[in-house]
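For reference, the structure is listed below as structure tokens.
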Amino acid sequence: MRVKELAGKTAFVTGAASGIGLGIATAFAQAGAKVMLCDIEEAALSAALEQLRLTNVDVDGVKADVSLKAELVAAAEATTARYGKVHILVNNAGVGGGGAYGAWTEASWNWTLGVNLMATIWGIEIFGPLIEQHGEGGHIVSTASIAGLISGESNAYNVSKYGVVALSEGLRRELAPRGIGVSVLCPGIIRTQIMNSRRNLPKRFEGALPALPTSGPRAEWINILRERISQGIEPNYVGELVREGVEKDLPYIFTDLEFEPMIEARFAAIKQGFDHIRGRTAKR
């Protein structure tokens, strides 16, 4: 009972007011799905809904801070109240946060892991049973990052995205017998507002995160990344890739080939570790 086409299905998408989330919501709605857009930014959410409704699609919205489980539960209740059933869950909400070793803070870890990883875990915990109960099959897509496969730094963002990849890989095997497909989206450089994540920093973390550097190597790196993202891949294109990934039940959804050599190098390094002990007999 996998989702082979989206027409008539209901999807719940987090981080849906802009960027990749809006691209996914747009692609799903245009394919005939009913879509509940969830986001923490109320004004952006209203603007996204207004834009989508111009094309006569069936969409609605709910405001929620997905890093708070109670708000995600309330969003699920609003979705079932509006549409009755949920077939597709898209855990897309994400923030960029946390520095490398030597610049860690408890608040940065808590905020980044809360949005990027724990909200994904809770989303599956909350929506999984809703998908199972109607017996019509479904699909779960969770947005990781290419950084979930090639960690360049020891920061909270990369750790959270590795967690999303691991969670998705395990769930794919577990949920397949229940008729639920699982895909992990590992985008490259996409034109989003990820570098402006602090616009949505919850009040409980205000003043607890260190200010971004304005000079030095780290500031230069941030500026280079901002420029790259401003010229990044169009989010609506990513949305179409995700739609295709759901319909074809792909385990991994990538957006481009830029980082493929780095992933191959990682796998080569892992194999080198095995080659180092090849021929030896492990002591028992």
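Residue numbering restarts at 1 in every chain; chains get A, B, ... in the order shown in the structure tokens, and ligands count up from 1 in that same order.
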Considering only C-alpha atoms, return as a VMD selection string whatever protein or nucleic-acid residues lie within 10 Å of Thr79 (chain A), sequence-local ones (same chain, fewer than 2 positions apart) excluded.
chain A and resid 10 to 12 35 to 38 60 to 62 73 to 77 81 to 86
For the selection you just gave me, I'd like the residues written to a file as a CSV table (one decimal), in the first residue's frame, keeping N, CA, C and O atoms.
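And here is the file that came out, again-v4.csv:
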```csv
chain,number,residue,atom,x,y,z
A,10,THR,N,-3.3,13.2,1.6
A,10,THR,CA,-3.1,14.3,2.5
A,10,THR,C,-1.7,14.3,3.0
A,10,THR,O,-1.2,13.3,3.5
A,11,ALA,N,-1.0,15.5,2.9
A,11,ALA,CA,0.4,15.6,3.4
A,11,ALA,C,0.5,16.7,4.4
A,11,ALA,O,-0.2,17.7,4.4
A,12,PHE,N,1.3,16.5,5.4
A,12,PHE,CA,1.7,17.4,6.4
A,12,PHE,C,3.1,17.8,6.3
A,12,PHE,O,4.0,16.9,6.3
A,35,VAL,N,-2.7,19.6,1.3
A,35,VAL,CA,-1.5,19.8,2.1
A,35,VAL,C,-1.7,20.8,3.2
A,35,VAL,O,-2.3,21.9,3.1
A,36,MET,N,-1.3,20.3,4.4
A,36,MET,CA,-1.3,21.2,5.6
A,36,MET,C,0.1,21.7,5.8
A,36,MET,O,1.0,20.9,6.0
A,37,LEU,N,0.2,23.0,5.6
A,37,LEU,CA,1.5,23.7,5.8
A,37,LEU,C,1.7,24.1,7.2
A,37,LEU,O,0.8,24.7,7.8
A,38,CYS,N,2.8,23.7,7.8
A,38,CYS,CA,3.1,24.0,9.2
A,38,CYS,C,4.4,24.9,9.3
A,38,CYS,O,5.4,24.5,8.6
A,60,ASP,N,-4.0,24.3,3.6
A,60,ASP,CA,-4.4,25.0,4.8
A,60,ASP,C,-3.1,25.1,5.6
A,60,ASP,O,-2.0,24.6,5.2
A,61,GLY,N,-3.1,25.9,6.7
A,61,GLY,CA,-1.9,26.1,7.5
A,61,GLY,C,-2.1,26.0,9.0
A,61,GLY,O,-3.2,26.3,9.5
A,62,VAL,N,-1.1,25.7,9.7
A,62,VAL,CA,-1.1,25.7,11.1
A,62,VAL,C,0.2,26.2,11.7
A,62,VAL,O,1.3,25.8,11.2
A,73,VAL,N,1.9,18.1,18.5
A,73,VAL,CA,0.6,17.3,18.7
A,73,VAL,C,-0.6,18.2,18.3
A,73,VAL,O,-1.5,17.6,17.6
A,74,ALA,N,-0.6,19.4,18.7
A,74,ALA,CA,-1.8,20.3,18.4
A,74,ALA,C,-1.9,20.5,16.8
A,74,ALA,O,-3.0,20.5,16.3
A,75,ALA,N,-0.7,20.5,16.2
A,75,ALA,CA,-0.7,20.7,14.7
A,75,ALA,C,-1.3,19.4,14.0
A,75,ALA,O,-2.0,19.5,13.0
A,76,ALA,N,-1.0,18.2,14.6
A,76,ALA,CA,-1.5,17.0,14.1
A,76,ALA,C,-3.0,16.9,14.3
A,76,ALA,O,-3.8,16.5,13.4
A,77,GLU,N,-3.5,17.4,15.4
A,77,GLU,CA,-4.9,17.4,15.7
A,77,GLU,C,-5.6,18.4,14.7
A,77,GLU,O,-6.7,18.1,14.2
A,81,ALA,N,-8.4,17.2,12.0
A,81,ALA,CA,-9.7,17.9,12.1
A,81,ALA,C,-10.1,18.5,10.7
A,81,ALA,O,-11.3,18.5,10.3
A,82,ARG,N,-9.1,19.0,10.0
A,82,ARG,CA,-9.3,19.6,8.7
A,82,ARG,C,-9.5,18.6,7.6
A,82,ARG,O,-10.4,18.7,6.7
A,83,TYR,N,-8.7,17.5,7.6
A,83,TYR,CA,-8.6,16.6,6.4
A,83,TYR,C,-9.0,15.2,6.7
A,83,TYR,O,-9.2,14.4,5.8
A,84,GLY,N,-9.1,14.8,8.0
A,84,GLY,CA,-9.5,13.5,8.4
A,84,GLY,C,-8.4,12.5,8.4
A,84,GLY,O,-8.2,11.8,9.5
A,85,LYS,N,-7.7,12.4,7.4
A,85,LYS,CA,-6.6,11.4,7.3
A,85,LYS,C,-5.3,12.1,7.0
A,85,LYS,O,-5.2,13.2,6.4
A,86,VAL,N,-4.2,11.5,7.3
A,86,VAL,CA,-2.8,11.9,6.9
A,86,VAL,C,-2.1,10.7,6.2
A,86,VAL,O,-2.1,9.6,6.8
```
Find the residue from A:Asp65, A:Glu174, A:Asp249, A:Glu240 that sits nearest to Lys4 (chain A); use only C-alpha atoms when measuring.
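Of all the options, A:Asp249 lies closest to Lys4 (chain A).
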Any chance you could list, as a ChimeraX atom specification, the residues in region 128-273 of chain A that come up alpha helix (DSSP H) when DSSP is run on the backbone?
/A:128-133,156-175,217-230,235-247,260-273
Skipping near chain neighbours, those fewer than 6 positions away, what residues fall within 12 Å of Phe259 (chain A) using only C-alpha atoms, listed as an MDAnalysis selection string?
chainID A and resid 145:152 186:189 265:266
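Nearest to Ser160 (chain A) of all the residues A:Ala7, A:Ile24, A:Leu117, A:Ala107 is A:Leu117, based on only C-alpha atoms.
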Applying 10 Å and only C-alpha atoms, which residues near Leu45 (chain A) remain after dropping the ones on its own chain fewer than 3 positions away? List them as a ChimeraX atom specification.
/A:15-18,22,37-42,48-51,60-63
Restricting the output to C-alpha atoms, write the selected residues as a PDB file, in the first residue's frame.
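As written to disk, selection_24.pdb reads:
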```pdb
ATOM      1  CA  GLY A  15       8.930  24.406   7.695  1.00  0.00           C
ATOM      2  CA  ALA A  16       6.520  24.910   4.822  1.00  0.00           C
ATOM      3  CA  ALA A  17       6.271  28.712   4.634  1.00  0.00           C
ATOM      4  CA  SER A  18       9.465  29.144   2.616  1.00  0.00           C
ATOM      5  CA  LEU A  22       7.289  25.534   0.379  1.00  0.00           C
ATOM      6  CA  LEU A  37       1.529  23.671   5.786  1.00  0.00           C
ATOM      7  CA  CYS A  38       3.119  24.028   9.212  1.00  0.00           C
ATOM      8  CA  ASP A  39       5.547  26.789  10.151  1.00  0.00           C
ATOM      9  CA  ILE A  40       6.634  28.956  13.069  1.00  0.00           C
ATOM     10  CA  GLU A  41       6.434  32.159  10.983  1.00  0.00           C
ATOM     11  CA  GLU A  42       2.794  33.195  10.929  1.00  0.00           C
ATOM     12  CA  ALA A  48       2.504  31.091   1.276  1.00  0.00           C
ATOM     13  CA  LEU A  49      -1.107  29.964   1.606  1.00  0.00           C
ATOM     14  CA  GLU A  50      -2.336  33.002  -0.292  1.00  0.00           C
ATOM     15  CA  GLN A  51       0.136  32.292  -3.077  1.00  0.00           C
ATOM     16  CA  ASP A  60      -4.356  24.983   4.825  1.00  0.00           C
ATOM     17  CA  GLY A  61      -1.907  26.093   7.471  1.00  0.00           C
ATOM     18  CA  VAL A  62      -1.101  25.713  11.146  1.00  0.00           C
ATOM     19  CA  LYS A  63       1.424  27.681  13.196  1.00  0.00           C
TER      20      LYS A  63
END
```
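Distance-wise, CA of Gln30 (chain A) and CA of Arg172 (chain A) end up 26.3 Å apart.
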Mind listing the strand (DSSP E or B) residues of region 49-213 of chain A, per DSSP on the backbone, as a ChimeraX atom specification?
/A:59-63,88-91,138-143,180-186,190
Write the residues you've just listed into a file as a compact mmCIF listing (two decimals), in the first residue's frame, and include all heavy atoms for each of them.
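Final output, saved to out-v4.txt:
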```txt
# COMPACT_ATOMS: atom_id res chain seq x y z
N VAL A 59 -5.19 23.59 0.25
CA VAL A 59 -4.14 23.73 1.26
C VAL A 59 -4.68 24.48 2.47
O VAL A 59 -5.65 25.23 2.38
CB VAL A 59 -2.91 24.50 0.70
CG1 VAL A 59 -2.24 23.72 -0.41
CG2 VAL A 59 -3.31 25.90 0.23
N ASP A 60 -4.03 24.25 3.61
CA ASP A 60 -4.36 24.98 4.83
C ASP A 60 -3.06 25.11 5.62
O ASP A 60 -2.03 24.56 5.23
CB ASP A 60 -5.43 24.25 5.63
CG ASP A 60 -6.28 25.22 6.45
OD1 ASP A 60 -5.78 26.32 6.77
OD2 ASP A 60 -7.44 24.88 6.75
N GLY A 61 -3.13 25.86 6.71
CA GLY A 61 -1.91 26.09 7.47
C GLY A 61 -2.14 26.04 8.97
O GLY A 61 -3.24 26.28 9.46
N VAL A 62 -1.06 25.72 9.69
CA VAL A 62 -1.10 25.71 11.15
C VAL A 62 0.25 26.21 11.66
O VAL A 62 1.30 25.80 11.19
CB VAL A 62 -1.42 24.30 11.69
CG1 VAL A 62 -0.38 23.27 11.23
CG2 VAL A 62 -1.50 24.32 13.21
N LYS A 63 0.21 27.13 12.61
CA LYS A 63 1.42 27.68 13.20
C LYS A 63 1.88 26.78 14.33
O LYS A 63 1.08 26.37 15.18
CB LYS A 63 1.18 29.09 13.73
CG LYS A 63 2.41 29.76 14.36
CD LYS A 63 2.06 31.13 14.89
CE LYS A 63 3.29 31.83 15.48
NZ LYS A 63 3.80 31.13 16.69
N ILE A 88 0.99 11.37 4.21
CA ILE A 88 2.40 11.71 4.00
C ILE A 88 2.85 12.71 5.06
O ILE A 88 2.20 13.73 5.28
CB ILE A 88 2.62 12.31 2.60
CG1 ILE A 88 2.15 11.34 1.52
CG2 ILE A 88 4.09 12.66 2.39
CD1 ILE A 88 2.00 11.97 0.15
N LEU A 89 3.95 12.41 5.69
CA LEU A 89 4.58 13.31 6.65
C LEU A 89 5.90 13.79 6.08
O LEU A 89 6.73 12.97 5.64
CB LEU A 89 4.85 12.58 7.98
CG LEU A 89 5.79 13.27 8.96
CD1 LEU A 89 5.20 14.58 9.48
CD2 LEU A 89 6.13 12.33 10.12
N VAL A 90 6.10 15.10 6.06
CA VAL A 90 7.37 15.66 5.63
C VAL A 90 7.97 16.45 6.79
O VAL A 90 7.50 17.53 7.13
CB VAL A 90 7.22 16.57 4.40
CG1 VAL A 90 8.58 17.11 3.97
CG2 VAL A 90 6.57 15.82 3.24
N ASN A 91 8.99 15.86 7.41
CA ASN A 91 9.72 16.53 8.49
C ASN A 91 10.80 17.40 7.84
O ASN A 91 11.91 16.94 7.58
CB ASN A 91 10.39 15.50 9.40
CG ASN A 91 9.40 14.63 10.14
OD1 ASN A 91 8.55 15.13 10.86
ND2 ASN A 91 9.51 13.33 9.97
N GLY A 138 1.31 4.90 3.22
CA GLY A 138 1.77 6.27 3.35
C GLY A 138 3.26 6.40 3.14
O GLY A 138 3.92 5.45 2.70
N HIS A 139 3.77 7.57 3.46
CA HIS A 139 5.19 7.82 3.24
C HIS A 139 5.68 8.88 4.22
O HIS A 139 4.93 9.80 4.58
CB HIS A 139 5.44 8.29 1.80
CG HIS A 139 6.82 8.02 1.31
ND1 HIS A 139 7.15 6.90 0.57
CD2 HIS A 139 7.99 8.70 1.47
CE1 HIS A 139 8.44 6.92 0.29
NE2 HIS A 139 8.97 8.01 0.83
N ILE A 140 6.92 8.75 4.62
CA ILE A 140 7.58 9.73 5.49
C ILE A 140 8.84 10.22 4.80
O ILE A 140 9.67 9.41 4.37
CB ILE A 140 7.94 9.13 6.86
CG1 ILE A 140 6.67 8.73 7.63
CG2 ILE A 140 8.77 10.11 7.68
CD1 ILE A 140 6.94 7.94 8.89
N VAL A 141 8.95 11.53 4.66
CA VAL A 141 10.17 12.15 4.13
C VAL A 141 10.75 13.04 5.21
O VAL A 141 10.03 13.86 5.79
CB VAL A 141 9.89 13.01 2.88
CG1 VAL A 141 11.18 13.63 2.36
CG2 VAL A 141 9.21 12.20 1.79
N SER A 142 12.03 12.88 5.50
CA SER A 142 12.69 13.75 6.47
C SER A 142 13.87 14.44 5.79
O SER A 142 14.67 13.79 5.12
CB SER A 142 13.17 12.95 7.68
OG SER A 142 12.06 12.37 8.36
N THR A 143 13.93 15.74 5.98
CA THR A 143 15.01 16.51 5.36
C THR A 143 16.25 16.47 6.23
O THR A 143 16.26 16.98 7.35
CB THR A 143 14.59 17.98 5.14
OG1 THR A 143 13.44 18.00 4.29
CG2 THR A 143 15.70 18.77 4.50
N ILE A 180 4.40 1.66 4.77
CA ILE A 180 4.85 3.05 4.85
C ILE A 180 6.27 3.15 4.30
O ILE A 180 7.18 2.51 4.81
CB ILE A 180 4.81 3.58 6.29
CG1 ILE A 180 3.39 3.48 6.86
CG2 ILE A 180 5.30 5.03 6.34
CD1 ILE A 180 3.29 3.87 8.33
N GLY A 181 6.43 3.93 3.24
CA GLY A 181 7.76 4.16 2.69
C GLY A 181 8.47 5.25 3.47
O GLY A 181 7.83 6.11 4.08
N VAL A 182 9.78 5.23 3.44
CA VAL A 182 10.59 6.24 4.14
C VAL A 182 11.72 6.70 3.22
O VAL A 182 12.45 5.88 2.67
CB VAL A 182 11.18 5.69 5.45
CG1 VAL A 182 12.05 6.75 6.13
CG2 VAL A 182 10.08 5.24 6.40
N SER A 183 11.82 8.00 3.06
CA SER A 183 12.90 8.60 2.27
C SER A 183 13.61 9.65 3.10
O SER A 183 12.99 10.32 3.93
CB SER A 183 12.35 9.27 1.00
OG SER A 183 11.64 8.37 0.19
N VAL A 184 14.90 9.81 2.86
CA VAL A 184 15.64 10.91 3.48
C VAL A 184 16.14 11.82 2.37
O VAL A 184 16.74 11.37 1.40
CB VAL A 184 16.80 10.40 4.38
CG1 VAL A 184 17.82 9.59 3.59
CG2 VAL A 184 17.46 11.57 5.10
N LEU A 185 15.83 13.11 2.52
CA LEU A 185 16.26 14.12 1.55
C LEU A 185 17.59 14.69 2.01
O LEU A 185 17.70 15.19 3.13
CB LEU A 185 15.20 15.23 1.47
CG LEU A 185 15.58 16.49 0.69
CD1 LEU A 185 15.85 16.18 -0.77
CD2 LEU A 185 14.47 17.54 0.83
N CYS A 186 18.59 14.61 1.14
CA CYS A 186 19.93 15.14 1.45
C CYS A 186 20.29 16.21 0.43
O CYS A 186 21.05 15.97 -0.51
CB CYS A 186 20.96 14.02 1.43
SG CYS A 186 20.69 12.76 2.71
N ILE A 190 20.97 24.91 -1.52
CA ILE A 190 19.65 25.31 -2.01
C ILE A 190 19.39 26.76 -1.62
O ILE A 190 19.81 27.22 -0.55
CB ILE A 190 18.55 24.41 -1.41
CG1 ILE A 190 18.95 22.93 -1.47
CG2 ILE A 190 17.22 24.64 -2.12
CD1 ILE A 190 19.22 22.38 -2.84
```
